[in-house]
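Data from work14.txt: compact mmCIF, C-alpha atoms and all ligand atoms
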```
# COMPACT_ATOMS: atom_id res chain seq x y z
CA MET A 1 131.08 96.88 79.96
CA PRO A 2 131.06 99.02 76.81
CA ILE A 3 128.01 99.56 74.65
CA THR A 4 128.24 97.11 71.73
CA LEU A 5 127.11 97.03 68.11
CA PRO A 6 124.62 94.16 67.79
CA ASP A 7 124.81 91.87 64.78
CA LEU A 8 122.00 92.21 62.26
CA PRO A 9 119.31 89.58 62.96
CA TYR A 10 119.62 88.44 59.28
CA ASP A 11 122.29 88.48 56.58
CA LYS A 12 122.94 91.84 54.95
CA ASN A 13 121.49 90.66 51.62
CA ASP A 14 118.41 88.96 53.09
CA LEU A 15 116.11 91.98 52.68
CA GLU A 16 116.96 92.58 49.01
CA PRO A 17 115.60 94.00 46.79
CA PHE A 18 113.86 96.22 49.36
CA ILE A 19 117.02 97.12 51.30
CA SER A 20 120.34 96.31 49.65
CA ALA A 21 123.41 94.74 51.21
CA ARG A 22 125.24 97.94 50.31
CA THR A 23 122.79 100.02 52.37
CA PHE A 24 123.37 97.70 55.36
CA GLU A 25 127.15 97.94 54.88
CA PHE A 26 126.90 101.71 55.40
CA HIS A 27 123.88 101.94 57.68
CA HIS A 28 124.84 99.18 60.13
CA GLY A 29 128.58 98.94 59.49
CA LYS A 30 129.36 102.68 59.41
CA HIS A 31 126.49 104.82 60.79
CA HIS A 32 125.30 102.56 63.60
CA LYS A 33 128.89 101.61 64.49
CA ALA A 34 129.86 105.29 64.71
CA TYR A 35 127.02 105.97 67.17
CA VAL A 36 128.27 103.05 69.30
CA ASP A 37 131.89 104.22 69.18
CA ASN A 38 130.94 107.84 69.96
CA THR A 39 128.76 106.77 72.90
CA ASN A 40 131.61 104.74 74.38
CA LYS A 41 134.04 107.64 73.96
CA LEU A 42 131.62 110.09 75.61
CA ILE A 43 130.91 107.92 78.68
CA GLU A 44 134.52 106.80 79.20
CA LYS A 45 135.74 107.78 82.67
CA THR A 46 132.39 109.39 83.56
CA GLU A 47 129.72 108.33 86.04
CA LEU A 48 127.81 106.76 83.12
CA ALA A 49 130.58 104.28 82.22
CA GLY A 50 129.23 100.78 82.75
CA LYS A 51 125.59 101.88 82.86
CA ASP A 52 123.04 100.23 80.58
CA LEU A 53 122.05 102.04 77.40
CA GLU A 54 118.54 103.08 78.53
CA THR A 55 119.95 104.64 81.70
CA ILE A 56 122.49 106.56 79.62
CA ILE A 57 119.72 107.81 77.29
CA ARG A 58 117.39 108.87 80.13
CA THR A 59 120.19 110.63 81.99
CA ALA A 60 121.53 112.47 78.96
CA ALA A 61 118.01 113.46 77.81
CA VAL A 62 117.51 115.76 80.82
CA ASP A 63 121.03 117.24 80.87
CA PRO A 64 121.57 120.05 78.33
CA GLY A 65 125.31 119.50 78.68
CA LYS A 66 124.96 115.93 77.41
CA LYS A 67 123.16 116.63 74.12
CA GLY A 68 125.92 115.00 72.08
CA LEU A 69 125.81 111.90 74.25
CA PHE A 70 122.02 111.78 74.03
CA ASN A 71 122.11 111.98 70.23
CA ASN A 72 124.61 109.13 69.92
CA ALA A 73 123.18 106.86 72.62
CA ALA A 74 119.59 107.27 71.42
CA GLN A 75 120.70 106.53 67.87
CA VAL A 76 122.35 103.32 69.11
CA TRP A 77 119.08 102.23 70.70
CA ASN A 78 116.87 103.33 67.78
CA HIS A 79 118.96 101.43 65.22
CA SER A 80 119.25 98.25 67.31
CA PHE A 81 115.46 98.32 67.62
CA PHE A 82 114.92 99.13 63.93
CA TRP A 83 116.88 96.09 62.67
CA GLN A 84 114.64 93.82 64.72
CA CYS A 85 111.51 95.45 63.29
CA MET A 86 112.25 93.80 59.91
CA LYS A 87 112.60 90.27 58.60
CA PRO A 88 112.81 88.56 55.20
CA GLY A 89 109.30 87.88 53.92
CA GLY A 90 107.75 90.27 56.42
CA GLY A 91 105.18 93.01 55.99
CA GLY A 92 101.52 92.95 55.08
CA LYS A 93 98.70 92.60 57.54
CA PRO A 94 99.60 91.51 61.08
CA SER A 95 98.12 88.66 63.08
CA GLY A 96 97.90 88.06 66.80
CA ARG A 97 97.17 90.63 69.49
CA ILE A 98 98.56 93.57 67.54
CA ALA A 99 96.05 92.96 64.71
CA ALA A 100 93.09 93.25 67.08
CA MET A 101 94.60 96.30 68.77
CA ILE A 102 95.14 98.05 65.43
CA ASP A 103 91.48 97.39 64.61
CA ASP A 104 90.32 98.71 67.98
CA ASP A 105 92.66 101.69 68.44
CA LEU A 106 93.69 102.80 64.95
CA GLY A 107 90.70 102.08 62.71
CA GLY A 108 92.07 98.95 61.04
CA TYR A 109 95.19 98.00 59.12
CA GLU A 110 94.60 100.15 56.04
CA LYS A 111 94.13 103.27 58.17
CA PHE A 112 97.20 102.37 60.26
CA ALA A 113 99.33 101.82 57.14
CA ALA A 114 98.27 105.17 55.66
CA ASP A 115 98.94 106.99 58.94
CA PHE A 116 102.31 105.29 59.49
CA LYS A 117 103.43 106.04 55.94
CA ASN A 118 102.29 109.64 56.34
CA ALA A 119 104.19 109.97 59.64
CA GLY A 120 107.37 108.84 57.91
CA ALA A 121 106.86 110.88 54.77
CA THR A 122 106.06 114.13 56.60
CA GLN A 123 108.90 113.97 59.16
CA PHE A 124 110.82 117.00 57.89
CA GLY A 125 114.52 116.28 57.60
CA SER A 126 115.86 113.32 59.59
CA GLY A 127 113.95 111.20 62.05
CA TRP A 128 111.79 108.19 62.74
CA ALA A 129 108.15 107.01 62.44
CA TRP A 130 106.83 104.88 65.29
CA LEU A 131 104.00 102.67 66.46
CA VAL A 132 103.91 103.07 70.24
CA LEU A 133 101.80 102.27 73.28
CA GLN A 134 100.67 105.36 75.19
CA ASN A 135 98.75 104.47 78.35
CA ASN A 136 97.81 101.08 76.83
CA THR A 137 96.51 102.64 73.61
CA LEU A 138 98.28 102.39 70.25
CA ALA A 139 99.46 105.57 68.56
CA VAL A 140 101.39 106.41 65.40
CA THR A 141 104.01 109.11 66.05
CA GLN A 142 107.13 110.66 64.54
CA THR A 143 110.33 111.95 66.15
CA PRO A 144 113.07 114.19 64.73
CA ASN A 145 116.77 113.33 64.62
CA ALA A 146 117.68 110.97 67.49
CA GLU A 147 114.56 111.57 69.63
CA THR A 148 112.92 108.43 71.00
CA PRO A 149 109.56 107.66 72.65
CA LEU A 150 111.51 106.14 75.57
CA THR A 151 112.06 109.59 77.05
CA GLU A 152 108.33 110.40 76.75
CA GLY A 153 107.37 107.31 78.75
CA HIS A 154 105.85 105.66 75.68
CA LYS A 155 106.55 102.04 74.77
CA PRO A 156 108.04 101.58 71.28
CA LEU A 157 106.53 98.70 69.31
CA LEU A 158 107.68 99.37 65.72
CA VAL A 159 109.93 101.92 64.05
CA VAL A 160 111.19 102.88 60.62
CA ASP A 161 114.25 105.05 60.05
CA VAL A 162 113.55 107.93 57.65
CA TRP A 163 117.01 109.51 57.73
CA GLU A 164 118.22 109.75 54.13
CA HIS A 165 121.02 107.27 54.92
CA ALA A 166 118.31 104.63 55.48
CA TYR A 167 117.04 104.65 51.90
CA TYR A 168 119.00 106.94 49.60
CA LEU A 169 121.20 104.27 47.97
CA ASP A 170 118.13 102.17 47.09
CA TYR A 171 115.37 104.76 46.60
CA GLN A 172 117.19 108.11 46.18
CA ASN A 173 114.61 110.81 47.06
CA ARG A 174 111.61 108.44 46.97
CA ARG A 175 111.06 108.14 50.73
CA PRO A 176 107.37 107.16 50.31
CA ASP A 177 108.41 104.18 48.14
CA PHE A 178 110.79 103.03 50.89
CA LEU A 179 107.99 103.35 53.45
CA GLN A 180 105.61 101.35 51.24
CA ALA A 181 108.20 98.59 50.82
CA PHE A 182 108.76 98.56 54.59
CA LEU A 183 105.04 98.07 55.20
CA ASP A 184 104.44 95.57 52.40
CA HIS A 185 107.59 93.42 52.61
CA LEU A 186 109.67 94.00 55.75
CA VAL A 187 107.72 94.53 59.00
CA ASN A 188 108.38 91.79 61.56
CA TRP A 189 104.97 91.58 63.24
CA ASP A 190 106.19 88.74 65.49
CA PHE A 191 108.64 91.21 67.03
CA VAL A 192 105.87 93.80 67.40
CA ASN A 193 103.61 91.28 69.13
CA ALA A 194 106.48 90.28 71.43
CA ASN A 195 107.00 93.93 72.36
CA LEU A 196 103.45 94.05 73.74
CA GLY A 197 104.81 91.84 76.56
MN MN A 201 119.80 105.33 60.49
```

Go ahead and render the structure in this file as structure tokens.
Ligand code: MN
Amino acid sequence: MPITLPDLPYDKNDLEPFISARTFEFHHGKHHKAYVDNTNKLIEKTELAGKDLETIIRTAAVDPGKKGLFNNAAQVWNHSFFWQCMKPGGGGKPSGRIAAMIDDDLGGYEKFAADFKNAGATQFGSGWAWLVLQNNTLAVTQTPNAETPLTEGHKPLLVVDVWEHAYYLDYQNRRPDFLQAFLDHLVNWDFVNANLG
């Protein structure tokens, strides 16, 4: 079974004005689709054909000869996860278990928001800012390019894409403004709580 491009969990104009339909047309319809197509081409007729995406990522991550496959497969996973991290009318302070954990582990929501925004803003070049579970403790991290906490044994809970293609049509060079909008208006805390398991 090939790796597939998931539908967005909302309509492409549902997150306007914070992320435009035009950004989704490129980001989901072109960039994410290309990662899916490239992954399928690279696993065709290999021992990884038919394997699930996480197996492909973990296998390629430790094989220097499969760097291209790793980059594409990890980007498939990261983007599929990223779309679910947002919803119309999202953002602001969380509720539920994650709220208490942010208070206990990260010094409260305001401190978390500042640290998360800083992680995204200071990721030089392309990459991602994450909220993850490391040994049952929350941590805010950043990864370059296609790198993912999955290969570090950390559990992803929330991510934001800080590649320029994620925000340039709507914010041009103002990456911090995109990160602020993500925090204030887009984060799907129900999804984050569900990821705690
Ligand atoms: Mn992207």

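Here CA of Asn40 (chain A) and CA of Phe24 (chain A) stand 21.9 Å from one another.
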
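For the atom pair formed by CA of Trp128 (chain A) and CA of Trp189 (chain A), the distance is 18.0 Å, given to one decimal.
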
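Taking CA of Tyr171 (chain A) and CA of Ile19 (chain A) as endpoints, the distance between them is 9.1 Å.
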
How close does each residue of chain A get to ligand MN 201 (chain A), giving the shortest atom pair and distance in Å to one decimal for every residue with an atom at most 8 Å away, counting all atoms listed in the file, sorted by chain and residue number, as JSON lines?
```
{"residue": "A:His27", "atom": "CA", "partner": "A:MN201", "partner_atom": "MN", "distance": 6.0}
{"residue": "A:His28", "atom": "CA", "partner": "A:MN201", "partner_atom": "MN", "distance": 8.0}
{"residue": "A:His31", "atom": "CA", "partner": "A:MN201", "partner_atom": "MN", "distance": 6.7}
{"residue": "A:His32", "atom": "CA", "partner": "A:MN201", "partner_atom": "MN", "distance": 6.9}
{"residue": "A:Gln75", "atom": "CA", "partner": "A:MN201", "partner_atom": "MN", "distance": 7.5}
{"residue": "A:His79", "atom": "CA", "partner": "A:MN201", "partner_atom": "MN", "distance": 6.2}
{"residue": "A:Asp161", "atom": "CA", "partner": "A:MN201", "partner_atom": "MN", "distance": 5.6}
{"residue": "A:Val162", "atom": "CA", "partner": "A:MN201", "partner_atom": "MN", "distance": 7.3}
{"residue": "A:Trp163", "atom": "CA", "partner": "A:MN201", "partner_atom": "MN", "distance": 5.7}
{"residue": "A:Glu164", "atom": "CA", "partner": "A:MN201", "partner_atom": "MN", "distance": 7.9}
{"residue": "A:His165", "atom": "CA", "partner": "A:MN201", "partner_atom": "MN", "distance": 6.0}
{"residue": "A:Ala166", "atom": "CA", "partner": "A:MN201", "partner_atom": "MN", "distance": 5.3}
```

Keeping only C-alpha atoms, take the residues you just selected and write them out as an mmCIF file, keeping the file's coordinate frame.
```cif
data_model
loop_
_atom_site.group_PDB
_atom_site.id
_atom_site.type_symbol
_atom_site.label_atom_id
_atom_site.label_comp_id
_atom_site.auth_asym_id
_atom_site.auth_seq_id
_atom_site.Cartn_x
_atom_site.Cartn_y
_atom_site.Cartn_z
ATOM 1 C CA HIS A 27 123.880 101.940 57.680
ATOM 2 C CA HIS A 28 124.840 99.180 60.130
ATOM 3 C CA HIS A 31 126.490 104.820 60.790
ATOM 4 C CA HIS A 32 125.300 102.560 63.600
ATOM 5 C CA GLN A 75 120.700 106.530 67.870
ATOM 6 C CA HIS A 79 118.960 101.430 65.220
ATOM 7 C CA ASP A 161 114.250 105.050 60.050
ATOM 8 C CA VAL A 162 113.550 107.930 57.650
ATOM 9 C CA TRP A 163 117.010 109.510 57.730
ATOM 10 C CA GLU A 164 118.220 109.750 54.130
ATOM 11 C CA HIS A 165 121.020 107.270 54.920
ATOM 12 C CA ALA A 166 118.310 104.630 55.480
#
```

Compile the contact shell of Lys93 (chain A) as a PDB file with C-alpha atoms, in the frame of the given file: residues with an atom at most 12 Å away, counting all atoms listed in the file, same-chain residues fewer than 2 positions apart removed.
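See result38.pdb below for the written result:
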```pdb
ATOM      1  CA  GLY A  90     107.750  90.270  56.420  1.00  0.00           C
ATOM      2  CA  GLY A  91     105.180  93.010  55.990  1.00  0.00           C
ATOM      3  CA  SER A  95      98.120  88.660  63.080  1.00  0.00           C
ATOM      4  CA  GLY A  96      97.900  88.060  66.800  1.00  0.00           C
ATOM      5  CA  ILE A  98      98.560  93.570  67.540  1.00  0.00           C
ATOM      6  CA  ALA A  99      96.050  92.960  64.710  1.00  0.00           C
ATOM      7  CA  ALA A 100      93.090  93.250  67.080  1.00  0.00           C
ATOM      8  CA  ILE A 102      95.140  98.050  65.430  1.00  0.00           C
ATOM      9  CA  ASP A 103      91.480  97.390  64.610  1.00  0.00           C
ATOM     10  CA  GLY A 108      92.070  98.950  61.040  1.00  0.00           C
ATOM     11  CA  TYR A 109      95.190  98.000  59.120  1.00  0.00           C
ATOM     12  CA  GLU A 110      94.600 100.150  56.040  1.00  0.00           C
ATOM     13  CA  LYS A 111      94.130 103.270  58.170  1.00  0.00           C
ATOM     14  CA  PHE A 112      97.200 102.370  60.260  1.00  0.00           C
ATOM     15  CA  ALA A 113      99.330 101.820  57.140  1.00  0.00           C
ATOM     16  CA  LEU A 183     105.040  98.070  55.200  1.00  0.00           C
ATOM     17  CA  ASP A 184     104.440  95.570  52.400  1.00  0.00           C
ATOM     18  CA  HIS A 185     107.590  93.420  52.610  1.00  0.00           C
ATOM     19  CA  LEU A 186     109.670  94.000  55.750  1.00  0.00           C
ATOM     20  CA  VAL A 187     107.720  94.530  59.000  1.00  0.00           C
ATOM     21  CA  ASN A 188     108.380  91.790  61.560  1.00  0.00           C
ATOM     22  CA  TRP A 189     104.970  91.580  63.240  1.00  0.00           C
ATOM     23  CA  ASP A 190     106.190  88.740  65.490  1.00  0.00           C
TER      24      ASP A 190
END
```

For Tyr10 (chain A), please output as a ChimeraX atom specification all residues within 9 Å (counting only C-alpha atoms; exclusion window: fewer than 4 positions along the same chain).
/A:14-15,83,87-88

What's around Leu158 (chain A) at 9 Å? Count only C-alpha atoms, leave out sequence neighbours fewer than 6 positions away in its own chain, and write the answer as a list in words.
Phe81, Phe82, Gln84, Cys85, Ala129, Trp130, Leu131, Val132, Val187, Asn188, Trp189, Phe191, Val192 and Asn195 of chain A

Those residues with C-alpha atoms, as a PDB file, keeping the file's coordinate frame please?
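Below you can see out-v7.pdb, which holds the result:
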```
ATOM      1  CA  PHE A  81     115.460  98.320  67.620  1.00  0.00           C
ATOM      2  CA  PHE A  82     114.920  99.130  63.930  1.00  0.00           C
ATOM      3  CA  GLN A  84     114.640  93.820  64.720  1.00  0.00           C
ATOM      4  CA  CYS A  85     111.510  95.450  63.290  1.00  0.00           C
ATOM      5  CA  ALA A 129     108.150 107.010  62.440  1.00  0.00           C
ATOM      6  CA  TRP A 130     106.830 104.880  65.290  1.00  0.00           C
ATOM      7  CA  LEU A 131     104.000 102.670  66.460  1.00  0.00           C
ATOM      8  CA  VAL A 132     103.910 103.070  70.240  1.00  0.00           C
ATOM      9  CA  VAL A 187     107.720  94.530  59.000  1.00  0.00           C
ATOM     10  CA  ASN A 188     108.380  91.790  61.560  1.00  0.00           C
ATOM     11  CA  TRP A 189     104.970  91.580  63.240  1.00  0.00           C
ATOM     12  CA  PHE A 191     108.640  91.210  67.030  1.00  0.00           C
ATOM     13  CA  VAL A 192     105.870  93.800  67.400  1.00  0.00           C
ATOM     14  CA  ASN A 195     107.000  93.930  72.360  1.00  0.00           C
TER      15      ASN A 195
END
```

Near Val36 (chain A), within 12 Å and counting all atoms listed in the file, which residues show up once chain neighbours fewer than 2 positions away are dropped, as a ChimeraX atom specification?
/A:2-6,28-34,38-43,53,69-80

For each of A:Leu169, A:Leu138, A:Met1, A:Leu133, take the minimum atom-to-atom distance to His154 (chain A), counting all atoms listed in the file, then give the residue where this is smallest.
A:Leu133

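Each of A:Asp52, A:Asp104, A:Asp177, A:Glu47 was compared to Asn118 (chain A) using all atoms listed in the file, and A:Asp177 turns out to be the nearest.
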
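The closest residue to Pro149 (chain A), picked from A:Ile57, A:Asp115, A:Arg175, A:Asp7 and counting all atoms listed in the file, is A:Ile57.
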
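The nearest approach to Ala139 (chain A) among the residues A:Ala49, A:Ala181, A:Ala61, A:Leu106, with all atoms listed in the file taken into account, belongs to A:Leu106.
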
Around all of region 178-182 of chain A's listed atoms, make the axis-aligned box with 5 Å on each side and tell me centre and edge lengths in Å to one decimal, as lines of an AutoDock Vina configuration file.
```
center_x = 108.2
center_y = 101.0
center_z = 52.7
size_x = 15.2
size_y = 14.8
size_z = 13.8
```

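Closest to Ala114 (chain A) among A:Thr59, A:Asn13, A:Thr46, A:Gln180 is A:Gln180, based on all atoms listed in the file.
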
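Minimum distance to Glu147 (chain A) across A:Arg58, A:Leu48, A:Gly197, A:Asn135 (counting all atoms listed in the file) occurs at A:Arg58.
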